[in-house]
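Reviewing the structure listed below.
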Amino acid sequence: MTNNLEERFHRHNTGRERTTKPYLPYKIIYQEACLDRPSARKREKYWKSGVGKEQLRSIRDSLIT
């Protein structure tokens, strides 16, 4: 969740985020905009859930093939 996607993406791909550093490099496969922070947090929690992760995997896999 961020209000500056380019900066956040840059931080991840340059290894400045400790939790994601071991998994470099990253590609953006999906993004969505929300009107406010609470709704953005709700969506983030969904994408990090089991169902959301499965959906992201299917998006990723459809881009690979």
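Identifiers in this document derive from the order of the structure tokens: chains are assigned A, B, ..., residues are numbered from 1 separately in each chain, and ligands are numbered from 1 in order of occurrence.
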
When you look at range 1-11 of chain A with a cut-off of 12 Å (counting only C-alpha atoms), what residues show up, excluding the ones that are within fewer than 5 positions of it in the same chain? I need them as a PyMOL selection string. chain A and resi 16-21+24-45+47-48

Per-residue DSSP, chain A, filtered to helix (DSSP H, G or I), as a PyMOL selection string: chain A and resi 5-13+21-23+37-47+50-64
